[in-house]
$ cat target10.pdb   # PDB, C-alpha atoms
MODEL        1
ATOM      1  CA  MET A   1     231.607 132.834 188.558  1.00  0.00           C
ATOM      2  CA  TYR A   2     229.946 133.379 191.939  1.00  0.00           C
ATOM      3  CA  THR A   3     226.499 132.101 192.939  1.00  0.00           C
ATOM      4  CA  ARG A   4     224.292 132.455 195.987  1.00  0.00           C
ATOM      5  CA  ASN A   5     220.785 131.288 196.897  1.00  0.00           C
ATOM      6  CA  VAL A   6     218.473 133.732 198.693  1.00  0.00           C
ATOM      7  CA  LEU A   7     214.900 133.447 199.978  1.00  0.00           C
ATOM      8  CA  ILE A   8     212.475 136.233 199.032  1.00  0.00           C
ATOM      9  CA  GLN A   9     210.697 137.290 202.230  1.00  0.00           C
ATOM     10  CA  ASN A  10     208.927 140.556 201.412  1.00  0.00           C
ATOM     11  CA  ARG A  11     205.180 140.364 200.761  1.00  0.00           C
ATOM     12  CA  SER A  12     205.198 141.720 197.229  1.00  0.00           C
ATOM     13  CA  GLY A  13     208.105 139.581 196.026  1.00  0.00           C
ATOM     14  CA  LEU A  14     210.096 140.941 193.109  1.00  0.00           C
ATOM     15  CA  HIS A  15     207.290 142.951 191.537  1.00  0.00           C
ATOM     16  CA  ALA A  16     207.169 146.622 190.471  1.00  0.00           C
ATOM     17  CA  ARG A  17     209.100 148.698 193.041  1.00  0.00           C
ATOM     18  CA  PRO A  18     211.302 145.921 194.465  1.00  0.00           C
ATOM     19  CA  ALA A  19     212.134 144.709 190.954  1.00  0.00           C
ATOM     20  CA  SER A  20     213.071 148.250 189.965  1.00  0.00           C
ATOM     21  CA  GLU A  21     215.380 148.531 192.980  1.00  0.00           C
ATOM     22  CA  PHE A  22     216.915 145.151 192.195  1.00  0.00           C
ATOM     23  CA  VAL A  23     217.608 146.060 188.560  1.00  0.00           C
ATOM     24  CA  ALA A  24     219.070 149.449 189.578  1.00  0.00           C
ATOM     25  CA  CYS A  25     221.419 147.725 192.017  1.00  0.00           C
ATOM     26  CA  ALA A  26     222.441 145.111 189.430  1.00  0.00           C
ATOM     27  CA  GLY A  27     223.148 147.874 186.909  1.00  0.00           C
ATOM     28  CA  LYS A  28     225.867 149.301 189.153  1.00  0.00           C
ATOM     29  CA  PHE A  29     228.098 146.310 188.457  1.00  0.00           C
ATOM     30  CA  GLN A  30     230.060 145.365 185.364  1.00  0.00           C
ATOM     31  CA  SER A  31     229.649 141.615 185.783  1.00  0.00           C
ATOM     32  CA  LYS A  32     227.073 139.645 183.841  1.00  0.00           C
ATOM     33  CA  ILE A  33     224.359 138.914 186.426  1.00  0.00           C
ATOM     34  CA  THR A  34     221.519 136.440 186.155  1.00  0.00           C
ATOM     35  CA  ILE A  35     218.700 135.389 188.459  1.00  0.00           C
ATOM     36  CA  ARG A  36     216.417 132.370 188.424  1.00  0.00           C
ATOM     37  CA  SER A  37     213.991 130.538 190.639  1.00  0.00           C
ATOM     38  CA  ALA A  38     215.709 127.695 192.485  1.00  0.00           C
ATOM     39  CA  SER A  39     212.745 125.420 191.697  1.00  0.00           C
ATOM     40  CA  GLU A  40     212.409 126.349 188.020  1.00  0.00           C
ATOM     41  CA  GLY A  41     215.325 126.711 185.647  1.00  0.00           C
ATOM     42  CA  ASP A  42     214.452 129.908 183.755  1.00  0.00           C
ATOM     43  CA  GLU A  43     217.547 132.104 184.139  1.00  0.00           C
ATOM     44  CA  VAL A  44     217.168 135.754 183.118  1.00  0.00           C
ATOM     45  CA  ASP A  45     219.308 138.877 182.894  1.00  0.00           C
ATOM     46  CA  ALA A  46     219.141 140.572 186.308  1.00  0.00           C
ATOM     47  CA  LYS A  47     219.699 143.973 184.695  1.00  0.00           C
ATOM     48  CA  SER A  48     216.436 143.796 182.721  1.00  0.00           C
ATOM     49  CA  ILE A  49     213.233 144.664 184.551  1.00  0.00           C
ATOM     50  CA  LEU A  50     211.129 143.053 181.810  1.00  0.00           C
ATOM     51  CA  PHE A  51     212.942 139.740 182.123  1.00  0.00           C
ATOM     52  CA  LEU A  52     212.892 139.914 185.914  1.00  0.00           C
ATOM     53  CA  LEU A  53     209.149 140.559 186.041  1.00  0.00           C
ATOM     54  CA  SER A  54     208.531 137.807 183.481  1.00  0.00           C
ATOM     55  CA  ILE A  55     209.635 135.042 185.865  1.00  0.00           C
ATOM     56  CA  GLY A  56     207.154 136.130 188.565  1.00  0.00           C
ATOM     57  CA  LEU A  57     209.174 135.721 191.750  1.00  0.00           C
ATOM     58  CA  GLY A  58     207.064 136.001 194.886  1.00  0.00           C
ATOM     59  CA  GLN A  59     207.274 135.758 198.641  1.00  0.00           C
ATOM     60  CA  GLY A  60     208.709 132.410 199.730  1.00  0.00           C
ATOM     61  CA  ASP A  61     210.505 131.736 196.449  1.00  0.00           C
ATOM     62  CA  GLU A  62     214.159 130.818 196.653  1.00  0.00           C
ATOM     63  CA  VAL A  63     216.249 132.456 193.947  1.00  0.00           C
ATOM     64  CA  VAL A  64     219.697 131.761 192.572  1.00  0.00           C
ATOM     65  CA  ILE A  65     221.765 134.855 191.786  1.00  0.00           C
ATOM     66  CA  THR A  66     224.851 134.320 189.631  1.00  0.00           C
ATOM     67  CA  ALA A  67     227.466 136.807 188.483  1.00  0.00           C
ATOM     68  CA  ASP A  68     230.487 136.420 186.249  1.00  0.00           C
ATOM     69  CA  GLY A  69     233.086 139.169 186.009  1.00  0.00           C
ATOM     70  CA  GLY A  70     235.556 141.280 187.928  1.00  0.00           C
ATOM     71  CA  ASP A  71     233.080 142.399 190.581  1.00  0.00           C
ATOM     72  CA  GLU A  72     231.025 139.191 190.740  1.00  0.00           C
ATOM     73  CA  VAL A  73     231.271 138.621 194.500  1.00  0.00           C
ATOM     74  CA  GLU A  74     230.378 142.218 195.347  1.00  0.00           C
ATOM     75  CA  ALA A  75     227.466 142.131 192.881  1.00  0.00           C
ATOM     76  CA  VAL A  76     225.907 138.940 194.223  1.00  0.00           C
ATOM     77  CA  GLU A  77     226.402 139.951 197.850  1.00  0.00           C
ATOM     78  CA  ALA A  78     224.850 143.405 197.254  1.00  0.00           C
ATOM     79  CA  LEU A  79     221.809 141.887 195.536  1.00  0.00           C
ATOM     80  CA  ALA A  80     221.437 139.212 198.208  1.00  0.00           C
ATOM     81  CA  ALA A  81     221.605 141.888 200.925  1.00  0.00           C
ATOM     82  CA  LEU A  82     218.914 143.889 199.124  1.00  0.00           C
ATOM     83  CA  ILE A  83     216.606 140.870 199.024  1.00  0.00           C
ATOM     84  CA  GLU A  84     217.373 140.020 202.647  1.00  0.00           C
ATOM     85  CA  SER A  85     216.501 143.617 203.662  1.00  0.00           C
ATOM     86  CA  LYS A  86     212.969 142.882 202.356  1.00  0.00           C
ATOM     87  CA  PHE A  87     213.307 146.066 200.267  1.00  0.00           C
ATOM     88  CA  GLY A  88     212.348 148.084 203.344  1.00  0.00           C
ATOM     89  CA  GLU A  89     208.959 146.369 203.619  1.00  0.00           C
ATOM     90  CA  GLU A  90     207.696 144.976 206.902  1.00  0.00           C
TER      91      GLU A  90
ENDMDL
END
$ encode --input "target10.pdb" --output "structure tokens"
Amino acid sequence: MYTRNVLIQNRSGLHARPASEFVACAGKFQSKITIRSASEGDEVDAKSILFLLSIGLGQGDEVVITADGGDEVEAVEALAALIESKFGEE
């Protein structure tokens, strides 16, 4: 199991387009991947856009990304890099 905390910096947070990009990236990996707010404990499947949108992650929220499987490190690092890129927003 591999875990990393990341701060959401883009203005729209993980809503609509960024959430879609996040889920698409997560779907490329075989590991079980979850995401949750660092301040609230609701952990959801990172490969489900409905679950991801349901936790309402916005700008300034710290998230915890966890993966468990053969490509867990690559999965978490790829998703963290996507968040840190601000999804191309400025």
$ residues_around --input "target10.pdb" --residues "Ile55 of chain A" --least-positions-apart "4" --cutoff "8 Å" --atoms "all atoms listed in the file" --output "number ranges by chain"
A: 36-37, 42, 51
$ closest_residue --input "target10.pdb" --among "A:Leu50, A:Leu57, A:Ala16, A:Ala26" --to "Val76 of chain A" --atoms "all atoms listed in the file"
A:Ala26
$ resolve_selection --input "target10.pdb" --expression "the PyMOL selection byres ((chain A and resi 13) around 7)" --output "MDAnalysis selection string"
chainID A and resid 8 10:12 14:15 57:59
$ closest_residue --input "target10.pdb" --among "A:Ala19, A:Met1, A:Val63, A:Val6" --to "Ile33 of chain A" --atoms "all atoms listed in the file"
A:Met1
$ closest_residue --input "target10.pdb" --among "A:Gly69, A:Ile83, A:Tyr2, A:Leu7" --to "Val23 of chain A" --atoms "only C-alpha atoms"
A:Ile83
$ atom_distance --input "target10.pdb" --atom1 "atom CA of Ile65 of chain A" --atom2 "atom CA of Ile35 of chain A"
4.6 Å
$ build_atoms --input "target10.pdb" --residues "segment 34-55 of chain A" --atoms "N, CA and C atoms" --output "PDB file, keeping the file's coordinate frame"
ATOM      1  N   THR A  34     222.778 137.105 186.473  1.00  0.00           N
ATOM      2  CA  THR A  34     221.519 136.440 186.155  1.00  0.00           C
ATOM      3  C   THR A  34     220.814 136.043 187.446  1.00  0.00           C
ATOM      4  N   ILE A  35     219.513 135.838 187.324  1.00  0.00           N
ATOM      5  CA  ILE A  35     218.700 135.389 188.459  1.00  0.00           C
ATOM      6  C   ILE A  35     217.707 134.367 187.934  1.00  0.00           C
ATOM      7  N   ARG A  36     217.417 133.380 188.779  1.00  0.00           N
ATOM      8  CA  ARG A  36     216.417 132.370 188.424  1.00  0.00           C
ATOM      9  C   ARG A  36     215.795 131.824 189.693  1.00  0.00           C
ATOM     10  N   SER A  37     214.632 131.237 189.538  1.00  0.00           N
ATOM     11  CA  SER A  37     213.991 130.538 190.639  1.00  0.00           C
ATOM     12  C   SER A  37     214.774 129.266 190.894  1.00  0.00           C
ATOM     13  N   ALA A  38     214.977 128.916 192.160  1.00  0.00           N
ATOM     14  CA  ALA A  38     215.709 127.695 192.485  1.00  0.00           C
ATOM     15  C   ALA A  38     214.911 126.455 192.093  1.00  0.00           C
ATOM     16  N   SER A  39     213.581 126.572 192.025  1.00  0.00           N
ATOM     17  CA  SER A  39     212.745 125.420 191.697  1.00  0.00           C
ATOM     18  C   SER A  39     212.477 125.283 190.203  1.00  0.00           C
ATOM     19  N   GLU A  40     212.616 126.366 189.469  1.00  0.00           N
ATOM     20  CA  GLU A  40     212.409 126.349 188.020  1.00  0.00           C
ATOM     21  C   GLU A  40     213.678 126.875 187.378  1.00  0.00           C
ATOM     22  N   GLY A  41     214.037 126.397 186.224  1.00  0.00           N
ATOM     23  CA  GLY A  41     215.325 126.711 185.647  1.00  0.00           C
ATOM     24  C   GLY A  41     215.428 127.929 184.761  1.00  0.00           C
ATOM     25  N   ASP A  42     214.399 128.777 184.667  1.00  0.00           N
ATOM     26  CA  ASP A  42     214.452 129.908 183.755  1.00  0.00           C
ATOM     27  C   ASP A  42     215.376 130.998 184.295  1.00  0.00           C
ATOM     28  N   GLU A  43     216.563 131.104 183.722  1.00  0.00           N
ATOM     29  CA  GLU A  43     217.547 132.104 184.139  1.00  0.00           C
ATOM     30  C   GLU A  43     217.396 133.338 183.255  1.00  0.00           C
ATOM     31  N   VAL A  44     217.342 134.523 183.888  1.00  0.00           N
ATOM     32  CA  VAL A  44     217.168 135.754 183.118  1.00  0.00           C
ATOM     33  C   VAL A  44     218.219 136.786 183.511  1.00  0.00           C
ATOM     34  N   ASP A  45     218.390 137.763 182.658  1.00  0.00           N
ATOM     35  CA  ASP A  45     219.308 138.877 182.894  1.00  0.00           C
ATOM     36  C   ASP A  45     218.779 139.725 184.052  1.00  0.00           C
ATOM     37  N   ALA A  46     219.562 139.831 185.116  1.00  0.00           N
ATOM     38  CA  ALA A  46     219.141 140.572 186.308  1.00  0.00           C
ATOM     39  C   ALA A  46     219.146 142.081 186.102  1.00  0.00           C
ATOM     40  N   LYS A  47     219.663 142.540 184.975  1.00  0.00           N
ATOM     41  CA  LYS A  47     219.699 143.973 184.695  1.00  0.00           C
ATOM     42  C   LYS A  47     218.517 144.418 183.836  1.00  0.00           C
ATOM     43  N   SER A  48     217.605 143.491 183.545  1.00  0.00           N
ATOM     44  CA  SER A  48     216.436 143.796 182.721  1.00  0.00           C
ATOM     45  C   SER A  48     215.162 143.638 183.543  1.00  0.00           C
ATOM     46  N   ILE A  49     214.459 144.736 183.755  1.00  0.00           N
ATOM     47  CA  ILE A  49     213.233 144.664 184.551  1.00  0.00           C
ATOM     48  C   ILE A  49     212.168 143.820 183.848  1.00  0.00           C
ATOM     49  N   LEU A  50     212.120 143.854 182.529  1.00  0.00           N
ATOM     50  CA  LEU A  50     211.129 143.053 181.810  1.00  0.00           C
ATOM     51  C   LEU A  50     211.375 141.563 182.011  1.00  0.00           C
ATOM     52  N   PHE A  51     212.627 141.148 181.904  1.00  0.00           N
ATOM     53  CA  PHE A  51     212.942 139.740 182.123  1.00  0.00           C
ATOM     54  C   PHE A  51     212.693 139.339 183.574  1.00  0.00           C
ATOM     55  N   LEU A  52     213.071 140.209 184.500  1.00  0.00           N
ATOM     56  CA  LEU A  52     212.892 139.914 185.914  1.00  0.00           C
ATOM     57  C   LEU A  52     211.414 139.745 186.253  1.00  0.00           C
ATOM     58  N   LEU A  53     210.588 140.657 185.783  1.00  0.00           N
ATOM     59  CA  LEU A  53     209.149 140.559 186.041  1.00  0.00           C
ATOM     60  C   LEU A  53     208.529 139.337 185.360  1.00  0.00           C
ATOM     61  N   SER A  54     209.099 138.925 184.237  1.00  0.00           N
ATOM     62  CA  SER A  54     208.531 137.807 183.481  1.00  0.00           C
ATOM     63  C   SER A  54     208.613 136.470 184.207  1.00  0.00           C
ATOM     64  N   ILE A  55     209.528 136.329 185.179  1.00  0.00           N
ATOM     65  CA  ILE A  55     209.635 135.042 185.865  1.00  0.00           C
ATOM     66  C   ILE A  55     208.801 134.987 187.145  1.00  0.00           C
TER      67      ILE A  55
END
